[in-house]
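work.tsv (TSV, C-alpha atoms and all ligand atoms)
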```tsv
chain	number	residue	atom	x	y	z
E	1	MET	CA	86.95	96.60	87.81
E	2	THR	CA	88.89	99.70	88.74
E	3	THR	CA	89.06	101.60	92.00
E	4	ILE	CA	87.88	105.19	91.73
E	5	GLN	CA	88.63	107.73	94.44
E	6	THR	CA	85.63	109.74	95.62
E	7	VAL	CA	85.77	112.41	98.30
E	8	THR	CA	84.32	109.90	100.77
E	9	GLY	CA	86.64	107.06	99.82
E	10	PRO	CA	87.31	104.55	97.06
E	11	ILE	CA	84.55	102.84	95.08
E	12	ASP	CA	84.50	100.08	92.49
E	13	SER	CA	83.98	101.46	88.97
E	14	ARG	CA	80.87	99.26	88.69
E	15	GLU	CA	79.30	101.41	91.41
E	16	LEU	CA	79.47	104.60	89.33
E	17	GLY	CA	76.05	104.17	87.73
E	18	ARG	CA	74.52	107.21	86.03
E	19	THR	CA	77.21	109.87	86.12
E	20	LEU	CA	77.43	113.56	85.26
E	21	MET	CA	80.99	114.28	84.23
E	22	HIS	CA	81.30	118.03	84.89
E	23	GLU	CA	79.33	119.93	87.54
E	24	HIS	CA	80.49	122.27	90.31
E	25	LEU	CA	79.36	122.55	93.90
E	26	ALA	CA	81.22	125.84	94.25
E	27	VAL	CA	83.46	128.07	92.19
E	28	GLY	CA	85.45	131.14	93.22
E	29	TYR	CA	87.57	133.06	90.74
E	30	PRO	CA	91.09	133.62	92.09
E	31	GLY	CA	90.97	136.82	94.12
E	32	TRP	CA	87.49	136.11	95.48
E	33	GLU	CA	88.95	136.07	99.00
E	34	ALA	CA	89.53	139.80	98.66
E	35	ALA	CA	85.77	140.42	98.45
E	36	THR	CA	85.36	140.20	102.22
E	37	ASN	CA	82.01	141.97	101.92
E	38	GLU	CA	80.68	138.89	100.07
E	39	ALA	CA	81.25	136.20	102.71
E	40	PHE	CA	80.73	132.58	101.70
E	41	ASP	CA	77.69	131.25	103.58
E	42	ARG	CA	78.78	127.66	104.11
E	43	PRO	CA	75.59	126.28	105.72
E	44	ALA	CA	73.47	127.86	102.95
E	45	ALA	CA	75.84	126.52	100.27
E	46	THR	CA	75.66	123.04	101.77
E	47	ARG	CA	71.85	123.15	101.67
E	48	VAL	CA	71.80	124.32	98.03
E	49	CYS	CA	74.21	121.55	97.00
E	50	ILE	CA	72.26	118.86	98.85
E	51	GLU	CA	69.07	119.98	97.06
E	52	HIS	CA	70.76	119.70	93.67
E	53	VAL	CA	72.19	116.29	94.49
E	54	GLU	CA	68.78	115.05	95.66
E	55	SER	CA	67.22	116.23	92.39
E	56	LEU	CA	69.85	114.17	90.55
E	57	GLN	CA	69.28	111.13	92.76
E	58	ALA	CA	65.57	111.35	91.94
E	59	LEU	CA	66.56	110.87	88.28
E	60	GLY	CA	68.67	107.83	89.10
E	61	TYR	CA	72.09	109.46	89.14
E	62	SER	CA	74.57	108.15	91.69
E	63	SER	CA	77.82	109.95	90.76
E	64	MET	CA	79.28	113.21	89.54
E	65	ILE	CA	82.67	114.72	88.84
E	66	ASP	CA	83.39	118.18	90.24
E	67	PRO	CA	86.49	119.00	88.17
E	68	CYS	CA	87.19	122.27	89.97
E	69	PRO	CA	90.95	122.84	89.77
E	70	ASN	CA	92.94	123.81	92.87
E	71	ASP	CA	92.94	127.51	91.94
E	72	LEU	CA	89.21	128.04	91.28
E	73	GLY	CA	87.77	127.98	94.78
E	74	ARG	CA	87.87	124.18	95.06
E	75	ASP	CA	86.14	123.27	98.33
E	76	ILE	CA	86.94	119.74	99.46
E	77	GLU	CA	85.17	120.18	102.81
E	78	LEU	CA	81.92	121.20	101.11
E	79	MET	CA	82.15	118.22	98.77
E	80	VAL	CA	82.69	115.84	101.70
E	81	ASP	CA	79.78	117.34	103.68
E	82	VAL	CA	77.41	117.01	100.70
E	83	ALA	CA	78.58	113.50	99.79
E	84	GLU	CA	78.17	112.34	103.40
E	85	ALA	CA	74.72	113.90	103.71
E	86	THR	CA	73.43	112.32	100.49
E	87	GLY	CA	75.45	109.17	99.87
E	88	PHE	CA	76.25	110.54	96.39
E	89	ASN	CA	79.61	109.73	94.78
E	90	ILE	CA	81.48	113.01	94.27
E	91	ILE	CA	84.85	112.80	92.53
E	92	CYS	CA	87.12	115.82	92.93
E	93	ALA	CA	90.10	116.94	90.85
E	94	THR	CA	93.66	118.03	91.24
E	95	GLY	CA	94.99	120.46	88.66
E	96	LEU	CA	95.21	124.07	87.56
E	97	TYR	CA	92.92	126.23	85.45
E	98	LYS	CA	93.60	128.16	82.22
E	99	GLU	CA	95.94	131.09	82.77
E	100	HIS	CA	93.42	133.84	82.04
E	101	GLU	CA	91.01	133.02	84.87
E	102	GLY	CA	93.18	130.83	87.09
E	103	GLY	CA	95.69	131.47	89.82
E	104	ALA	CA	98.72	131.85	87.54
E	105	ALA	CA	100.42	134.60	89.59
E	106	HIS	CA	101.71	132.18	92.22
E	107	TRP	CA	103.27	129.89	89.62
E	108	GLN	CA	104.63	132.66	87.47
E	109	PHE	CA	106.48	134.00	90.51
E	110	ARG	CA	107.90	130.57	91.25
E	111	ALA	CA	108.87	130.09	87.60
E	112	ARG	CA	111.52	132.79	88.04
E	113	TYR	CA	113.50	130.54	90.36
E	114	GLU	CA	112.66	126.90	89.63
E	115	ASP	CA	111.26	124.36	87.16
E	116	VAL	CA	107.67	125.26	87.85
E	117	SER	CA	106.21	122.35	85.87
E	118	ALA	CA	108.08	119.95	88.14
E	119	ALA	CA	106.68	121.77	91.18
E	120	MET	CA	103.16	121.47	89.75
E	121	ALA	CA	103.64	117.77	89.06
E	122	ASP	CA	104.83	117.24	92.65
E	123	LEU	CA	101.66	118.97	93.85
E	124	PHE	CA	99.34	116.89	91.64
E	125	ILE	CA	101.07	113.60	92.46
E	126	GLY	CA	101.12	114.42	96.17
E	127	GLU	CA	97.38	115.13	96.20
E	128	LEU	CA	96.57	112.03	94.15
E	129	THR	CA	98.69	109.84	96.40
E	130	ASP	CA	98.37	111.28	99.91
E	131	GLY	CA	95.29	113.48	99.66
E	132	VAL	CA	94.58	117.20	99.52
E	133	GLY	CA	96.26	119.13	102.31
E	134	GLY	CA	95.50	117.44	105.60
E	135	THR	CA	92.08	116.14	104.53
E	136	GLY	CA	93.16	112.70	103.36
E	137	VAL	CA	90.75	113.16	100.42
E	138	ARG	CA	92.25	111.86	97.19
E	139	PRO	CA	91.20	113.33	93.84
E	140	GLY	CA	90.05	110.91	91.14
E	141	ILE	CA	90.84	113.03	88.10
E	142	ILE	CA	93.29	115.68	86.83
E	143	LYS	CA	91.98	118.99	85.45
E	144	VAL	CA	93.76	121.29	82.99
E	145	GLY	CA	92.55	124.07	80.69
E	146	THR	CA	93.34	126.44	77.87
E	147	GLY	CA	92.07	129.85	76.76
E	148	LEU	CA	91.93	131.14	73.20
E	149	GLY	CA	94.78	131.13	70.67
E	150	ASP	CA	97.27	128.53	71.82
E	151	LEU	CA	98.60	127.19	75.12
E	152	THR	CA	100.39	129.92	77.06
E	153	THR	CA	103.74	129.27	78.73
E	154	HIS	CA	101.89	128.73	82.01
E	155	GLU	CA	99.40	126.32	80.44
E	156	THR	CA	102.21	124.42	78.75
E	157	ALA	CA	103.79	123.88	82.17
E	158	VAL	CA	100.43	122.76	83.61
E	159	PHE	CA	99.84	120.28	80.76
E	160	ALA	CA	103.34	118.79	81.13
E	161	ALA	CA	102.80	118.41	84.88
E	162	ALA	CA	99.39	116.81	84.33
E	163	ALA	CA	100.84	114.33	81.84
E	164	ARG	CA	103.55	113.38	84.31
E	165	ALA	CA	101.05	112.96	87.13
E	166	ALA	CA	98.77	110.88	84.88
E	167	GLY	CA	101.69	108.67	83.91
E	168	GLU	CA	102.88	108.11	87.46
E	169	THR	CA	99.48	107.56	89.05
E	170	GLY	CA	97.30	106.24	86.20
E	171	THR	CA	94.75	108.99	86.81
E	172	PRO	CA	92.62	110.19	83.85
E	173	ILE	CA	92.53	113.83	82.69
E	174	THR	CA	89.64	116.17	81.91
E	175	THR	CA	90.03	119.57	80.27
E	176	HIS	CA	88.51	123.00	79.83
E	177	THR	CA	88.43	124.33	76.29
E	178	GLU	CA	87.37	127.88	75.42
E	179	ASP	CA	84.56	128.41	72.90
E	180	GLY	CA	85.06	124.96	71.40
E	181	THR	CA	88.67	125.55	70.32
E	182	LEU	CA	92.04	123.83	70.87
E	183	GLY	CA	90.56	120.47	71.87
E	184	ASP	CA	92.53	118.73	69.13
E	185	ARG	CA	95.66	120.65	70.19
E	186	GLN	CA	95.16	119.60	73.84
E	187	GLN	CA	94.86	116.01	72.68
E	188	GLU	CA	98.09	116.33	70.68
E	189	VAL	CA	100.02	117.89	73.57
E	190	LEU	CA	98.87	115.31	76.11
E	191	THR	CA	99.26	112.24	73.91
E	192	THR	CA	102.70	113.43	72.77
E	193	ALA	CA	103.60	113.59	76.47
E	194	GLY	CA	102.56	109.96	76.82
E	195	VAL	CA	98.94	110.12	78.01
E	196	PRO	CA	96.79	107.49	76.25
E	197	ALA	CA	94.10	109.31	74.25
E	198	HIS	CA	91.28	107.32	75.86
E	199	ARG	CA	92.32	108.63	79.29
E	200	ILE	CA	91.36	112.17	78.23
E	201	VAL	CA	88.00	113.96	78.15
E	202	ILE	CA	88.22	117.05	75.95
E	203	GLY	CA	85.83	119.18	77.96
E	204	HIS	CA	83.35	121.71	76.57
E	205	SER	CA	83.65	120.24	73.08
E	206	CYS	CA	80.01	121.30	72.67
E	207	GLY	CA	81.27	124.91	72.56
E	208	SER	CA	81.70	124.15	68.86
E	209	THR	CA	79.02	122.88	66.47
E	210	GLU	CA	81.57	121.85	63.82
E	211	THR	CA	81.34	118.13	63.26
E	212	ASP	CA	84.77	118.07	61.57
E	213	TYR	CA	86.35	119.44	64.76
E	214	HIS	CA	84.50	116.86	66.84
E	215	LEU	CA	85.45	114.01	64.52
E	216	ARG	CA	89.14	114.95	64.66
E	217	ILE	CA	89.05	114.52	68.43
E	218	ALA	CA	86.96	111.34	68.16
E	219	ARG	CA	89.37	109.85	65.62
E	220	GLY	CA	92.24	110.77	67.93
E	221	GLY	CA	90.63	108.39	70.42
E	222	SER	CA	89.57	110.72	73.24
E	223	TYR	CA	86.21	111.37	74.84
E	224	LEU	CA	84.28	114.53	73.95
E	225	GLY	CA	82.57	116.43	76.75
E	226	PHE	CA	79.12	117.63	75.74
E	227	ASP	CA	79.08	119.14	79.16
E	228	ARG	CA	77.62	122.63	78.98
E	229	PHE	CA	73.91	122.06	78.39
E	230	GLY	CA	72.10	125.17	79.54
E	231	ILE	CA	74.97	127.62	78.98
E	232	PRO	CA	73.76	129.92	76.21
E	233	THR	CA	77.06	130.43	74.33
E	234	VAL	CA	75.65	127.71	72.03
E	235	SER	CA	71.94	126.83	72.03
E	236	ASP	CA	70.88	123.50	73.49
E	237	ASP	CA	69.18	122.72	70.16
E	238	ASP	CA	72.53	123.10	68.39
E	239	ARG	CA	74.34	121.10	71.07
E	240	ALA	CA	71.82	118.27	70.88
E	241	ALA	CA	71.92	118.29	67.07
E	242	SER	CA	75.74	118.12	67.08
E	243	LEU	CA	75.62	115.26	69.56
E	244	ALA	CA	73.09	113.35	67.47
E	245	ARG	CA	75.26	113.83	64.36
E	246	LEU	CA	78.25	112.38	66.19
E	247	VAL	CA	76.25	109.36	67.32
E	248	GLU	CA	75.23	108.88	63.69
E	249	HIS	CA	78.91	108.97	62.71
E	250	GLY	CA	79.62	106.17	65.19
E	251	ALA	CA	81.23	108.29	67.92
E	252	GLY	CA	78.58	107.55	70.56
E	253	ASP	CA	81.04	105.41	72.50
E	254	ARG	CA	83.22	108.44	73.26
E	255	ILE	CA	80.88	111.21	74.38
E	256	VAL	CA	80.08	112.14	77.98
E	257	VAL	CA	77.50	114.68	79.11
E	258	SER	CA	76.99	117.32	81.78
E	259	HIS	CA	76.02	120.97	82.33
E	260	ASP	CA	79.06	122.68	83.91
E	261	SER	CA	76.50	124.05	86.34
E	262	VAL	CA	77.84	126.03	89.29
E	263	TRP	CA	75.67	125.69	92.38
E	264	CYS	CA	77.35	128.22	94.67
E	265	TRP	CA	79.76	131.08	94.09
E	266	LYS	CA	82.52	132.32	96.35
E	267	GLY	CA	82.84	136.10	96.47
E	268	ASN	CA	79.61	136.26	94.42
E	269	PRO	CA	80.82	137.63	91.07
E	270	TRP	CA	77.31	138.19	89.66
E	271	PRO	CA	75.44	141.49	90.03
E	272	VAL	CA	72.32	141.11	92.20
E	273	ALA	CA	70.04	141.59	89.18
E	274	LEU	CA	71.57	138.58	87.42
E	275	ARG	CA	71.79	136.10	90.28
E	276	GLU	CA	68.34	134.61	89.96
E	277	ARG	CA	68.69	134.17	86.20
E	278	ILE	CA	72.09	132.51	86.63
E	279	ALA	CA	70.72	130.13	89.28
E	280	LYS	CA	67.97	129.11	86.82
E	281	GLN	CA	70.49	128.61	84.03
E	282	PHE	CA	72.65	126.28	86.11
E	283	ILE	CA	70.28	123.35	86.58
E	284	PRO	CA	71.96	119.92	86.50
E	285	THR	CA	68.76	118.01	85.67
E	286	ARG	CA	68.42	119.65	82.25
E	287	PHE	CA	69.98	116.77	80.34
E	288	ASP	CA	67.19	114.46	81.46
E	289	THR	CA	64.29	116.91	81.29
E	290	GLU	CA	65.14	118.78	78.08
E	291	ILE	CA	67.99	117.19	76.15
E	292	ILE	CA	67.07	113.50	76.14
E	293	PRO	CA	63.71	114.30	74.46
E	294	LYS	CA	65.58	116.28	71.78
E	295	LEU	CA	67.95	113.34	71.20
E	296	GLN	CA	65.02	110.93	70.98
E	297	ASP	CA	63.36	113.22	68.40
E	298	SER	CA	66.60	113.03	66.39
E	299	GLY	CA	66.42	109.25	66.41
E	300	VAL	CA	69.10	108.55	69.04
E	301	SER	CA	68.30	105.17	70.62
E	302	GLU	CA	67.77	104.52	74.33
E	303	GLU	CA	70.89	102.37	74.29
E	304	ALA	CA	72.96	105.19	72.81
E	305	ILE	CA	71.60	107.60	75.42
E	306	ALA	CA	72.46	105.18	78.25
E	307	ARG	CA	76.03	105.01	76.95
E	308	LEU	CA	76.44	108.75	77.48
E	309	THR	CA	75.63	108.69	81.19
E	310	VAL	CA	76.54	105.15	82.27
E	311	HIS	CA	78.84	103.13	80.02
E	312	ASN	CA	81.15	105.86	78.74
E	313	PRO	CA	82.00	107.32	82.18
E	314	ARG	CA	82.70	103.83	83.49
E	315	ARG	CA	84.88	102.83	80.53
E	316	TYR	CA	86.79	106.11	80.76
E	317	PHE	CA	87.66	105.49	84.40
E	318	GLU	CA	88.44	101.85	83.76
E	319	GLY	CA	90.86	102.88	81.02
E	320	GLU	CA	89.43	100.48	78.48
E	321	ALA	CA	90.93	101.31	75.07
E	322	LEU	CA	88.41	102.67	72.56
E	323	ALA	CA	87.76	100.80	69.35
E	324	SER	CA	89.33	102.36	66.30
E	325	PHE	CA	86.92	105.01	65.22
E	326	GLY	CA	83.89	104.03	63.20
E	327	ALA	CA	84.29	100.34	64.01
E	328	SER	CA	81.50	100.25	66.57
E	329	ARG	CA	78.05	101.72	66.59
N	1	ZN	ZN	83.69	123.65	84.76
```
Using the file provided, produce a representation of the structure as structure tokens.
Amino acid sequence: MTTIQTVTGPIDSRELGRTLMHEHLAVGYPGWEAATNEAFDRPAATRVCIEHVESLQALGYSSMIDPCPNDLGRDIELMVDVAEATGFNIICATGLYKEHEGGAAHWQFRARYEDVSAAMADLFIGELTDGVGGTGVRPGIIKVGTGLGDLTTHETAVFAAAARAAGETGTPITTHTEDGTLGDRQQEVLTTAGVPAHRIVIGHSCGSTETDYHLRIARGGSYLGFDRFGIPTVSDDDRAASLARLVEHGAGDRIVVSHDSVWCWKGNPWPVALRERIAKQFIPTRFDTEIIPKLQDSGVSEEAIARLTVHNPRRYFEGEALASFGASR
């Protein structure tokens, strides 16, 4: 067994149960605070989040990761309120987002005068060890991300800090990739910095439908996040088909699933006309209602499906080494 930090305290890894590995109670793009005409309605947000959690509990889920990094509107208080109201295990993150949509300005200013990666590592380690701010809430995972092209200077500093924090605290890492690119590069950067491959989820791997790309990551020994079901950059049919192909290749022991659904927005970045459509897109029950039937039609077994939501999240947190690729089915 392994102890996992949730926002309401530590649990035994055996208590995880069915787990969604990447959903968000709330997101706010850096700068959202400036939109003072779009106030965050906390009681309404709490109600919306409780409803979503209850819909997941009705399907037998007991845990989720909200891997919101520190600079993307992360709301520890909201997570605690929702976890306390529902008894759901919510695991929060420490970390920083990709440069393009994260809060890079603060760190780029500091980088003029100090080793900014060391400052980031101190932040991550401090949160993991003592809790976030004065809340006493300890994150259970580290979040990093990249945009397109290659890691920027800022992202390189974030990845180095995350690797150091993972090494010192034994905390696993989850990532954001853009349009299904750079997952293999993220794996290389983190493992070169000493992070065991099986302690990494390469997030949003389902942004690509290329099996060769997926297999490179699988062979490298990390988990692949098929964690954006419902987001139309790739169709769910294509995502499900890619997932089924990977299971056929023997990689079913290293895939985790989710929707990257965002339940509430800070500073409401969506035009009024789009808000209803977006709320319908971001439904965290979709994997059960729409994707599992597709996987079953493709011949994926019940046992293989259970691995995605139960066994793989647990083994990832427990840090059990993955079998060399292709050895287990
Ligand atoms: Zn996300």
(request) State, in Å with one decimal place, the distance from CA of Val27 (chain E) to CA of Gly73 (chain E). (result) 5.0 Å
(message) Report, in Å with one decimal, the straight-line distance from CA of Gly319 (chain E) to CA of Pro67 (chain E).
(response)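 Calculated distance between CA of Gly319 (chain E) and CA of Pro67 (chain E) is 18.2 Å.
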(request) Enter the distance from CA of Ile90 (chain E) to CA of Ala58 (chain E), in Å, rounded to one decimal. (result)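 Between CA of Ile90 (chain E) and CA of Ala58 (chain E) the gap works out to 16.2 Å.
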(message) What residues of the protein or nucleic acid chains come within 12 Å of ligand ZN 1 (chain N) when you use all atoms listed in the file? Reply as a ChimeraX atom specification.
(response) /E:20-29,65-69,72-74,92-93,96-98,101,143-145,174-178,202-204,225-229,231,258-263,282
(request) Considering only C-alpha atoms, state which residue in the set E:Asp41, E:Asp81, E:Asp75, E:Asp237 is at the smallest distance from Val53 (chain E). (result) E:Asp81
(request) List the residues sitting within 6 Å of (89.6, 106.6, 84.1) in the file's frame, using all atoms listed in the file, as a ChimeraX atom specification. (result) /E:172,199,316-319
(request) Could you tell me which of E:Gln5, E:Ala279, E:Leu59, E:Thr191 comes closest to Asp130 (chain E) if we count only C-alpha atoms? (result) E:Gln5
(request) List every protein, DNA or RNA residue that has an atom no more than 12 Å from (78.1, 109.1, 98.3) in the file's coordinate frame, counting all atoms listed in the file, and report them as a PyMOL selection string. (result) chain E and resi 5-11+15-17+50+53-54+57+61-65+79-91
